[in-house]
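One structure is given here, and the rest of the page talks about it.
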Protein chains: 2
Amino acid sequence: MTIDGHSHVTLPVREHIEAMDAAGIDMTVLFSTTFHPEKSANFAEVKESMGFLSDLLAGKKGSMVEARQKSVSELVGAIAQYPDRYIGFGAVPVGLDLDGTLQYVNDVICQNHLAGMGEFTFGSGQVHLLKNIFCASQEFNHLPIWVHAFSPLTYQDIKDIAKLAKSYPETPVILGHLGGTNWLETIALVKEIPNLYLDTSAFFSTFVLGAVINEVPEKCFFGVDRPFGDLQLCKDAVLRYAKTLDVSNAVLGGNLAKLLRIAG
Amino acid sequence: MTIDGHSHVTLPVREHIEAMDAAGIDMTVLFSTTFHPEKSANFAEVKESMGFLSDLLAGKKGSMVEARQKSVSELVGAIAQYPDRYIGFGAVPVGLDLDGTLQYVNDVICQNHLAGMGEFTFGSGQVHLLKNIFCASQEFNHLPIWVHAFSPLTYQDIKDIAKLAKSYPETPVILGHLGGTNWLETIALVKEIPNLYLDTSAFFSTFVLGAVINEVPEKCFFGVDRPFGDLQLCKDAVLRYAKTLDVSNAVLGGNLAKLLRIAG
């Protein structure tokens, strides 16, 4: 079974399902989104979308409680349309107090039967904001936590996330985008910490992708990050650079099916 | 004609030519290299190679005059084997005085009939080291200058390079890797400065790649950055995201054929 472990809701949803069919992707772990760059009609709109993303990744957008709730509704709607093709991870605002976080996770994640929390984006130096999220994971059956770990996050931020993962050994923690330019240091952390995983989306070098998936095949989840990545090209890259069929099978779906208990 | 505008010498050279044949790439602008990550037999060797690269990109390796001269010999040897498939860009050390730089460019670049200078890698805040390189370009028929512009370079560094390009309007300046995570700001500079160009290698998002090549198609050169990139996947990405045949033709070879006066 081929599972795209990380893509966002893109509109219209039907087109995503068609793209999955065309690329031979059986299921997608679908993430909510507060903006839709794929709807940009021209470069000015792309620019506007990417400016928004840039502020979001830098943690400048704050908790965005309302926007995130709305985005989860959109996510839940998409999953309801295609329950056999989607599993959802829902955004949770950081910066709420512990009670507020637990209430939110209960109401928005658990009540909607979502399988995990994320994508978390915050500025460099703000990993401490995840503390209540880890507490909520512990409270709610060890919900996996998915963190954007490309730029603007630094190696220090990734080490801080790894430290939290170590303190909560039953919470699966997925570092997005291979740790970005810090992939070499990140792989050492992933080797050391059993509950720390890597998502392959946004790789900028197939040499790097190949080095990582063949070194820690059991810790990597294939991801596309649609609308930013391309389903077919991302899948082709894993198939082309995995040294064995065992590696590509594990990365392209086996690992995630096991973690999220998805029956093949 | 399809031209890979940026790949390094990889060994054995014959395998590169075979990969070009398989991917339908007619010519490659070949760059010298001081290390060969493609020869890594295991992850420990990959790690060693990438540690070297990391220091190189941070400007920690200094001028490396001897290593760069040796790498140019290897480059010239590869071109001599396949003169119909390769055009060379040669490394020039930064940090030499003006006379030393002019002498080096004359002896190593011009005498070997290389078509440009690069890839330049230096630490953030060190763009001033390129001053003598621009003087040499002016002296030697406006040799193009190719600069690594991904991490660890910042937007400020890219602005500093753009300023130099503006001061030397007859020197083509190619910013490698779309400007990395600073691609959105970089595209504005490329629009403003006629002699400033973009290389597409190391893109981390096909959404970004598509936005850039369709917005400034006449300013983009397709690049693979072998051994770090994959010829077929990089070409597929441009073909898939170019909105028209004119765009893909320009990016995949037309623009570079014009700049380097390569006959089709």
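We label chains A, B, ... in the order they appear in the structure tokens, count residues from 1 in each chain, and number ligands from 1 in the order shown.
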
What are the nearest atom pairs, with distances in Å to one decimal, for all residues of chain B that come at most 8 Å from chain A, using only C-alpha atoms, set out by chain and rising residue number as CSV?
```
residue,atom,partner,partner_atom,distance
B:Phe43,CA,A:Ala211,CA,6.8
B:Val46,CA,A:Ala211,CA,7.4
B:Lys47,CA,A:Leu184,CA,7.2
B:Ser151,CA,A:Thr181,CA,7.5
B:Thr181,CA,A:Ser151,CA,7.5
B:Leu184,CA,A:Lys47,CA,7.2
B:Ala202,CA,A:Phe204,CA,4.8
B:Phe203,CA,A:Phe204,CA,5.6
B:Phe204,CA,A:Phe204,CA,4.4
B:Ser205,CA,A:Phe228,CA,5.2
B:Thr206,CA,A:Gly229,CA,5.4
B:Phe207,CA,A:Phe228,CA,4.8
B:Val208,CA,A:Phe228,CA,7.2
B:Ala211,CA,A:Phe43,CA,6.8
B:Glu215,CA,A:Phe43,CA,6.8
B:Pro227,CA,A:Phe207,CA,6.8
B:Phe228,CA,A:Phe207,CA,4.8
B:Gly229,CA,A:Ser205,CA,5.3
B:Asp230,CA,A:Thr206,CA,6.4
B:Leu233,CA,A:Leu233,CA,6.7
B:Asp236,CA,A:Leu233,CA,7.8
B:Ala237,CA,A:Leu233,CA,7.2
```

Export N, CA and C atoms of the chosen residues as a JSON list (two decimals), in the first residue's frame?
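Okay, out-v1.json is ready:
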```
[["chain", "number", "residue", "atom", "x", "y", "z"],
["B", 43, "PHE", "N", 27.24, 4.96, 4.36],
["B", 43, "PHE", "CA", 26.77, 6.19, 4.97],
["B", 43, "PHE", "C", 27.89, 6.98, 5.65],
["B", 46, "VAL", "N", 29.38, 9.01, 3.01],
["B", 46, "VAL", "CA", 28.46, 10.10, 2.64],
["B", 46, "VAL", "C", 28.61, 11.22, 3.67],
["B", 47, "LYS", "N", 28.65, 10.83, 4.93],
["B", 47, "LYS", "CA", 28.73, 11.78, 6.03],
["B", 47, "LYS", "C", 30.02, 12.61, 5.93],
["B", 151, "SER", "N", 21.19, 27.93, 1.02],
["B", 151, "SER", "CA", 21.79, 27.94, 2.35],
["B", 151, "SER", "C", 23.28, 27.65, 2.23],
["B", 181, "THR", "N", 15.60, 29.29, -0.07],
["B", 181, "THR", "CA", 14.33, 29.69, 0.57],
["B", 181, "THR", "C", 14.04, 31.17, 0.34],
["B", 184, "LEU", "N", 11.49, 34.02, -3.41],
["B", 184, "LEU", "CA", 10.47, 35.02, -3.72],
["B", 184, "LEU", "C", 11.09, 36.42, -3.81],
["B", 202, "ALA", "N", 18.24, 22.00, -7.28],
["B", 202, "ALA", "CA", 17.99, 21.93, -5.83],
["B", 202, "ALA", "C", 16.66, 22.56, -5.43],
["B", 203, "PHE", "N", 15.71, 22.67, -6.36],
["B", 203, "PHE", "CA", 14.38, 23.15, -5.96],
["B", 203, "PHE", "C", 13.82, 22.17, -4.93],
["B", 204, "PHE", "N", 13.09, 22.71, -3.97],
["B", 204, "PHE", "CA", 12.54, 21.83, -2.91],
["B", 204, "PHE", "C", 11.02, 21.76, -2.99],
["B", 205, "SER", "N", 10.46, 22.39, -4.03],
["B", 205, "SER", "CA", 9.02, 22.39, -4.20],
["B", 205, "SER", "C", 8.72, 22.63, -5.67],
["B", 206, "THR", "N", 7.92, 21.74, -6.26],
["B", 206, "THR", "CA", 7.55, 21.96, -7.66],
["B", 206, "THR", "C", 6.58, 23.14, -7.80],
["B", 207, "PHE", "N", 5.87, 23.46, -6.73],
["B", 207, "PHE", "CA", 5.01, 24.65, -6.77],
["B", 207, "PHE", "C", 5.87, 25.90, -6.96],
["B", 208, "VAL", "N", 6.96, 25.96, -6.20],
["B", 208, "VAL", "CA", 7.90, 27.09, -6.32],
["B", 208, "VAL", "C", 8.55, 27.08, -7.70],
["B", 211, "ALA", "N", 6.12, 28.31, -10.25],
["B", 211, "ALA", "CA", 5.86, 29.76, -10.11],
["B", 211, "ALA", "C", 6.99, 30.56, -10.74],
["B", 215, "GLU", "N", 7.02, 32.67, -14.43],
["B", 215, "GLU", "CA", 7.01, 34.12, -14.24],
["B", 215, "GLU", "C", 8.18, 34.79, -14.97],
["B", 227, "PRO", "N", 26.29, 15.46, -8.62],
["B", 227, "PRO", "CA", 25.64, 14.23, -8.16],
["B", 227, "PRO", "C", 24.48, 14.44, -7.19],
["B", 228, "PHE", "N", 24.11, 15.69, -6.89],
["B", 228, "PHE", "CA", 23.07, 15.91, -5.88],
["B", 228, "PHE", "C", 21.66, 15.79, -6.44],
["B", 229, "GLY", "N", 21.51, 16.07, -7.73],
["B", 229, "GLY", "CA", 20.20, 15.99, -8.36],
["B", 229, "GLY", "C", 20.13, 14.85, -9.36],
["B", 230, "ASP", "N", 18.92, 14.55, -9.81],
["B", 230, "ASP", "CA", 18.68, 13.46, -10.76],
["B", 230, "ASP", "C", 18.25, 14.03, -12.11],
["B", 233, "LEU", "N", 14.47, 13.21, -13.19],
["B", 233, "LEU", "CA", 13.45, 13.81, -12.32],
["B", 233, "LEU", "C", 13.44, 15.33, -12.43],
["B", 236, "ASP", "N", 11.85, 16.12, -15.79],
["B", 236, "ASP", "CA", 10.41, 15.85, -15.69],
["B", 236, "ASP", "C", 9.68, 16.99, -14.96],
["B", 237, "ALA", "N", 10.32, 17.51, -13.92],
["B", 237, "ALA", "CA", 9.68, 18.57, -13.13],
["B", 237, "ALA", "C", 9.46, 19.82, -13.97]]
```

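Of the residues in stretch 34-255 of chain B, those given strand (DSSP E) by DSSP on the backbone are Tyr86, Ile87, Gly88, Phe89, Gly90, Gly116, Met117, Gly118, Glu119, Phe120, Ile145, Trp146, Val147, Val173, Ile174, Leu175, Leu196, Tyr197, Leu198, Asp199, Cys220 and Phe221 of chain B.
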
How about saving the chosen residues, N, CA, C and O atoms kept, as a PDB file, in the first residue's frame?
```pdb
ATOM      1  N   TYR B  86      29.991  18.391 -23.449  1.00  0.00           N
ATOM      2  CA  TYR B  86      30.316  19.217 -22.282  1.00  0.00           C
ATOM      3  C   TYR B  86      30.811  20.605 -22.678  1.00  0.00           C
ATOM      4  O   TYR B  86      31.561  20.760 -23.644  1.00  0.00           O
ATOM      5  N   ILE B  87      30.401  21.580 -21.862  1.00  0.00           N
ATOM      6  CA  ILE B  87      30.991  22.913 -21.881  1.00  0.00           C
ATOM      7  C   ILE B  87      31.420  23.155 -20.438  1.00  0.00           C
ATOM      8  O   ILE B  87      30.661  22.802 -19.523  1.00  0.00           O
ATOM      9  N   GLY B  88      32.580  23.747 -20.216  1.00  0.00           N
ATOM     10  CA  GLY B  88      33.052  23.830 -18.834  1.00  0.00           C
ATOM     11  C   GLY B  88      32.975  25.193 -18.187  1.00  0.00           C
ATOM     12  O   GLY B  88      33.142  26.224 -18.838  1.00  0.00           O
ATOM     13  N   PHE B  89      32.673  25.169 -16.900  1.00  0.00           N
ATOM     14  CA  PHE B  89      32.835  26.339 -16.028  1.00  0.00           C
ATOM     15  C   PHE B  89      33.895  25.941 -15.005  1.00  0.00           C
ATOM     16  O   PHE B  89      33.802  24.854 -14.418  1.00  0.00           O
ATOM     17  N   GLY B  90      34.880  26.790 -14.788  1.00  0.00           N
ATOM     18  CA  GLY B  90      35.971  26.406 -13.898  1.00  0.00           C
ATOM     19  C   GLY B  90      35.966  27.174 -12.588  1.00  0.00           C
ATOM     20  O   GLY B  90      35.641  28.365 -12.535  1.00  0.00           O
ATOM     21  N   GLY B 116      32.985  29.857 -18.442  1.00  0.00           N
ATOM     22  CA  GLY B 116      32.553  30.676 -17.322  1.00  0.00           C
ATOM     23  C   GLY B 116      33.289  30.312 -16.050  1.00  0.00           C
ATOM     24  O   GLY B 116      34.138  29.407 -16.041  1.00  0.00           O
ATOM     25  N   MET B 117      32.955  31.032 -14.994  1.00  0.00           N
ATOM     26  CA  MET B 117      33.618  30.833 -13.702  1.00  0.00           C
ATOM     27  C   MET B 117      32.596  30.421 -12.640  1.00  0.00           C
ATOM     28  O   MET B 117      31.508  30.982 -12.553  1.00  0.00           O
ATOM     29  N   GLY B 118      32.968  29.459 -11.827  1.00  0.00           N
ATOM     30  CA  GLY B 118      32.093  29.026 -10.739  1.00  0.00           C
ATOM     31  C   GLY B 118      32.223  27.534 -10.539  1.00  0.00           C
ATOM     32  O   GLY B 118      33.001  26.894 -11.243  1.00  0.00           O
ATOM     33  N   GLU B 119      31.518  27.030  -9.635  1.00  0.00           N
ATOM     34  CA  GLU B 119      30.572  27.555  -8.695  1.00  0.00           C
ATOM     35  C   GLU B 119      31.298  28.243  -7.546  1.00  0.00           C
ATOM     36  O   GLU B 119      32.197  27.647  -6.947  1.00  0.00           O
ATOM     37  N   PHE B 120      30.888  29.486  -7.264  1.00  0.00           N
ATOM     38  CA  PHE B 120      31.484  30.181  -6.128  1.00  0.00           C
ATOM     39  C   PHE B 120      30.714  29.858  -4.863  1.00  0.00           C
ATOM     40  O   PHE B 120      29.488  29.960  -4.824  1.00  0.00           O
ATOM     41  N   ILE B 145      29.495  34.440 -14.358  1.00  0.00           N
ATOM     42  CA  ILE B 145      29.846  34.086 -12.972  1.00  0.00           C
ATOM     43  C   ILE B 145      28.685  33.302 -12.358  1.00  0.00           C
ATOM     44  O   ILE B 145      27.534  33.765 -12.389  1.00  0.00           O
ATOM     45  N   TRP B 146      28.972  32.137 -11.814  1.00  0.00           N
ATOM     46  CA  TRP B 146      27.932  31.241 -11.268  1.00  0.00           C
ATOM     47  C   TRP B 146      28.124  31.120  -9.752  1.00  0.00           C
ATOM     48  O   TRP B 146      29.158  30.652  -9.287  1.00  0.00           O
ATOM     49  N   VAL B 147      27.111  31.532  -8.998  1.00  0.00           N
ATOM     50  CA  VAL B 147      27.234  31.595  -7.533  1.00  0.00           C
ATOM     51  C   VAL B 147      26.214  30.689  -6.842  1.00  0.00           C
ATOM     52  O   VAL B 147      25.016  30.766  -7.133  1.00  0.00           O
ATOM     53  N   VAL B 173      25.360  36.924 -14.504  1.00  0.00           N
ATOM     54  CA  VAL B 173      25.520  36.370 -13.155  1.00  0.00           C
ATOM     55  C   VAL B 173      24.390  35.376 -12.920  1.00  0.00           C
ATOM     56  O   VAL B 173      23.211  35.716 -13.044  1.00  0.00           O
ATOM     57  N   ILE B 174      24.748  34.150 -12.597  1.00  0.00           N
ATOM     58  CA  ILE B 174      23.738  33.106 -12.391  1.00  0.00           C
ATOM     59  C   ILE B 174      23.668  32.772 -10.904  1.00  0.00           C
ATOM     60  O   ILE B 174      24.666  32.366 -10.300  1.00  0.00           O
ATOM     61  N   LEU B 175      22.477  32.956 -10.342  1.00  0.00           N
ATOM     62  CA  LEU B 175      22.250  32.626  -8.935  1.00  0.00           C
ATOM     63  C   LEU B 175      21.797  31.173  -8.860  1.00  0.00           C
ATOM     64  O   LEU B 175      20.732  30.820  -9.382  1.00  0.00           O
ATOM     65  N   LEU B 196      21.099  39.316 -14.492  1.00  0.00           N
ATOM     66  CA  LEU B 196      20.997  38.385 -13.360  1.00  0.00           C
ATOM     67  C   LEU B 196      20.048  37.238 -13.728  1.00  0.00           C
ATOM     68  O   LEU B 196      18.913  37.484 -14.155  1.00  0.00           O
ATOM     69  N   TYR B 197      20.515  36.007 -13.551  1.00  0.00           N
ATOM     70  CA  TYR B 197      19.766  34.813 -13.975  1.00  0.00           C
ATOM     71  C   TYR B 197      19.592  33.836 -12.807  1.00  0.00           C
ATOM     72  O   TYR B 197      20.255  33.961 -11.777  1.00  0.00           O
ATOM     73  N   LEU B 198      18.730  32.857 -13.027  1.00  0.00           N
ATOM     74  CA  LEU B 198      18.465  31.831 -12.009  1.00  0.00           C
ATOM     75  C   LEU B 198      18.757  30.437 -12.546  1.00  0.00           C
ATOM     76  O   LEU B 198      18.418  30.123 -13.692  1.00  0.00           O
ATOM     77  N   ASP B 199      19.340  29.607 -11.710  1.00  0.00           N
ATOM     78  CA  ASP B 199      19.506  28.182 -12.007  1.00  0.00           C
ATOM     79  C   ASP B 199      18.450  27.426 -11.203  1.00  0.00           C
ATOM     80  O   ASP B 199      18.179  27.763 -10.053  1.00  0.00           O
ATOM     81  N   CYS B 220      15.606  31.849 -16.609  1.00  0.00           N
ATOM     82  CA  CYS B 220      15.884  30.602 -15.876  1.00  0.00           C
ATOM     83  C   CYS B 220      16.663  29.604 -16.716  1.00  0.00           C
ATOM     84  O   CYS B 220      16.348  29.384 -17.879  1.00  0.00           O
ATOM     85  N   PHE B 221      17.657  29.003 -16.092  1.00  0.00           N
ATOM     86  CA  PHE B 221      18.414  27.932 -16.731  1.00  0.00           C
ATOM     87  C   PHE B 221      18.167  26.641 -15.964  1.00  0.00           C
ATOM     88  O   PHE B 221      18.388  26.581 -14.751  1.00  0.00           O
TER      89      PHE B 221
END
```

- Computed interatomic separation between atom CA of A:Gln156 and atom CA of A:Gly125 (Å): 8.0 Å

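Taking atom CA of A:Asn182 and atom CA of A:Ala162 as the two end points, the separation is 13.2 Å.
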
- Please provide as a list in words all residues within 10 Å of B:Arg261, with the sequence filter that same-chain residues fewer than 5 positions apart are discarded (counting only C-alpha atoms). Ala115, Asn255 and Leu256 of chain B

Which residues are near B:Phe35? Cut-off 10 Å, only C-alpha atoms, ignore same chain within fewer than 6 positions. Put them as a PDB file with N, CA, C and O atoms, in the first residue's frame.
```
ATOM      1  N   HIS B   8      28.228  18.759 -11.743  1.00  0.00           N
ATOM      2  CA  HIS B   8      29.654  18.623 -11.454  1.00  0.00           C
ATOM      3  C   HIS B   8      30.227  17.370 -12.105  1.00  0.00           C
ATOM      4  O   HIS B   8      29.484  16.448 -12.450  1.00  0.00           O
ATOM      5  N   VAL B   9      31.529  17.353 -12.265  1.00  0.00           N
ATOM      6  CA  VAL B   9      32.202  16.150 -12.762  1.00  0.00           C
ATOM      7  C   VAL B   9      31.877  15.001 -11.808  1.00  0.00           C
ATOM      8  O   VAL B   9      32.081  15.122 -10.599  1.00  0.00           O
ATOM      9  N   THR B  10      31.324  13.919 -12.362  1.00  0.00           N
ATOM     10  CA  THR B  10      31.099  12.715 -11.551  1.00  0.00           C
ATOM     11  C   THR B  10      31.841  11.562 -12.221  1.00  0.00           C
ATOM     12  O   THR B  10      31.986  11.544 -13.455  1.00  0.00           O
ATOM     13  N   SER B  49      31.787  13.174   3.178  1.00  0.00           N
ATOM     14  CA  SER B  49      31.658  14.043   2.001  1.00  0.00           C
ATOM     15  C   SER B  49      30.799  15.266   2.320  1.00  0.00           C
ATOM     16  O   SER B  49      31.130  16.383   1.929  1.00  0.00           O
ATOM     17  N   MET B  50      29.678  15.038   2.988  1.00  0.00           N
ATOM     18  CA  MET B  50      28.748  16.133   3.232  1.00  0.00           C
ATOM     19  C   MET B  50      29.293  17.094   4.281  1.00  0.00           C
ATOM     20  O   MET B  50      28.986  18.282   4.255  1.00  0.00           O
ATOM     21  N   PHE B  52      32.443  17.811   4.441  1.00  0.00           N
ATOM     22  CA  PHE B  52      33.358  18.597   3.612  1.00  0.00           C
ATOM     23  C   PHE B  52      32.573  19.685   2.874  1.00  0.00           C
ATOM     24  O   PHE B  52      32.943  20.858   2.869  1.00  0.00           O
ATOM     25  N   LEU B  53      31.446  19.294   2.260  1.00  0.00           N
ATOM     26  CA  LEU B  53      30.616  20.240   1.510  1.00  0.00           C
ATOM     27  C   LEU B  53      30.119  21.366   2.411  1.00  0.00           C
ATOM     28  O   LEU B  53      30.139  22.542   2.039  1.00  0.00           O
ATOM     29  N   ALA B  67      43.835  22.445  -4.656  1.00  0.00           N
ATOM     30  CA  ALA B  67      42.709  21.524  -4.881  1.00  0.00           C
ATOM     31  C   ALA B  67      41.868  21.997  -6.064  1.00  0.00           C
ATOM     32  O   ALA B  67      41.400  21.187  -6.868  1.00  0.00           O
ATOM     33  N   SER B  71      41.133  20.089  -9.572  1.00  0.00           N
ATOM     34  CA  SER B  71      39.761  19.815  -9.999  1.00  0.00           C
ATOM     35  C   SER B  71      39.515  20.332 -11.413  1.00  0.00           C
ATOM     36  O   SER B  71      38.762  19.729 -12.175  1.00  0.00           O
TER      37      SER B  71
END
```

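Within the 12 Å cut-off around A:Ala257, using only C-alpha atoms and omitting residues fewer than 6 positions from it on the same chain, the listed residues are Met1, Thr2, Ile3, Asp4, Gly5, Asp26, Met27, Thr28, Val29, Ile87, Ala115, Glu218, Phe221, Phe222, Asn249, Ala250, Val251, Ala263 and Gly264 of chain A.
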
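You will find atom CA of A:Ile158 at 10.0 Å from atom CA of A:Trp183.
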
- Query: Using the chain letters and numbers from this document, which residues of stretch 155-237 of chain B does DSSP assign to alpha helix (DSSP H), as a PyMOL selection string?
  - Reply: chain B and resi 155-167+183-192+206-215+231-237

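For the residues B:Ala149, B:Glu139, B:Lys131, B:Gln69, ranking by smallest atom-to-atom distance to B:Glu170 using only C-alpha atoms places B:Glu139 first.
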
Tell me which protein, DNA and RNA residues are within 9 Å of stretch 93-96 of chain A, counting only C-alpha atoms, leaving out same-chain ones fewer than 2 positions away, and put them as a tab-separated table (two decimals) with N, CA and C atoms, in the first residue's frame.
```
chain	number	residue	atom	x	y	z
A	62	GLY	N	0.65	33.82	15.14
A	62	GLY	CA	0.04	33.57	16.44
A	62	GLY	C	-0.76	32.28	16.45
A	63	SER	N	-1.70	32.17	17.36
A	63	SER	CA	-2.44	30.92	17.54
A	63	SER	C	-3.45	30.68	16.43
A	64	MET	N	-4.02	31.73	15.87
A	64	MET	CA	-5.01	31.63	14.79
A	64	MET	C	-6.09	30.61	15.13
A	65	VAL	N	-6.63	30.67	16.33
A	65	VAL	CA	-7.58	29.66	16.78
A	65	VAL	C	-8.75	29.51	15.81
A	68	ARG	N	-7.72	28.10	12.37
A	68	ARG	CA	-7.37	26.69	12.45
A	68	ARG	C	-8.62	25.82	12.63
A	91	ALA	N	-4.70	20.52	12.79
A	91	ALA	CA	-3.91	21.60	13.39
A	91	ALA	C	-4.43	21.90	14.80
A	98	LEU	N	-2.67	24.70	29.39
A	98	LEU	CA	-2.83	23.25	29.32
A	98	LEU	C	-4.30	22.84	29.23
A	99	ASP	N	-5.14	23.45	30.07
A	99	ASP	CA	-6.57	23.10	30.03
A	99	ASP	C	-7.16	23.42	28.66
A	100	GLY	N	-6.82	24.57	28.15
A	100	GLY	CA	-7.34	24.99	26.84
A	100	GLY	C	-6.87	24.04	25.74
A	101	THR	N	-5.62	23.60	25.85
A	101	THR	CA	-5.07	22.68	24.84
A	101	THR	C	-5.80	21.34	24.90
A	104	TYR	N	-9.23	21.65	23.51
A	104	TYR	CA	-9.20	21.80	22.05
A	104	TYR	C	-8.93	20.44	21.38
A	120	PHE	N	2.79	21.45	12.91
A	120	PHE	CA	3.13	22.56	13.80
A	120	PHE	C	4.19	23.44	13.15
A	122	PHE	N	6.19	27.09	13.98
A	122	PHE	CA	6.43	28.18	14.94
A	122	PHE	C	7.81	28.73	14.61
A	129	LEU	N	6.81	26.01	23.04
A	129	LEU	CA	5.36	26.11	22.84
A	129	LEU	C	4.71	24.74	22.63
A	130	LEU	N	5.53	23.73	22.33
A	130	LEU	CA	4.98	22.38	22.09
A	130	LEU	C	4.71	21.61	23.39
A	131	LYS	N	5.17	22.12	24.50
A	131	LYS	CA	5.07	21.39	25.77
A	131	LYS	C	3.64	20.90	26.03
A	132	ASN	N	2.67	21.80	25.92
A	132	ASN	CA	1.28	21.40	26.19
A	132	ASN	C	0.74	20.42	25.14
A	133	ILE	N	1.30	20.50	23.95
A	133	ILE	CA	0.89	19.57	22.89
A	133	ILE	C	1.35	18.15	23.25
```
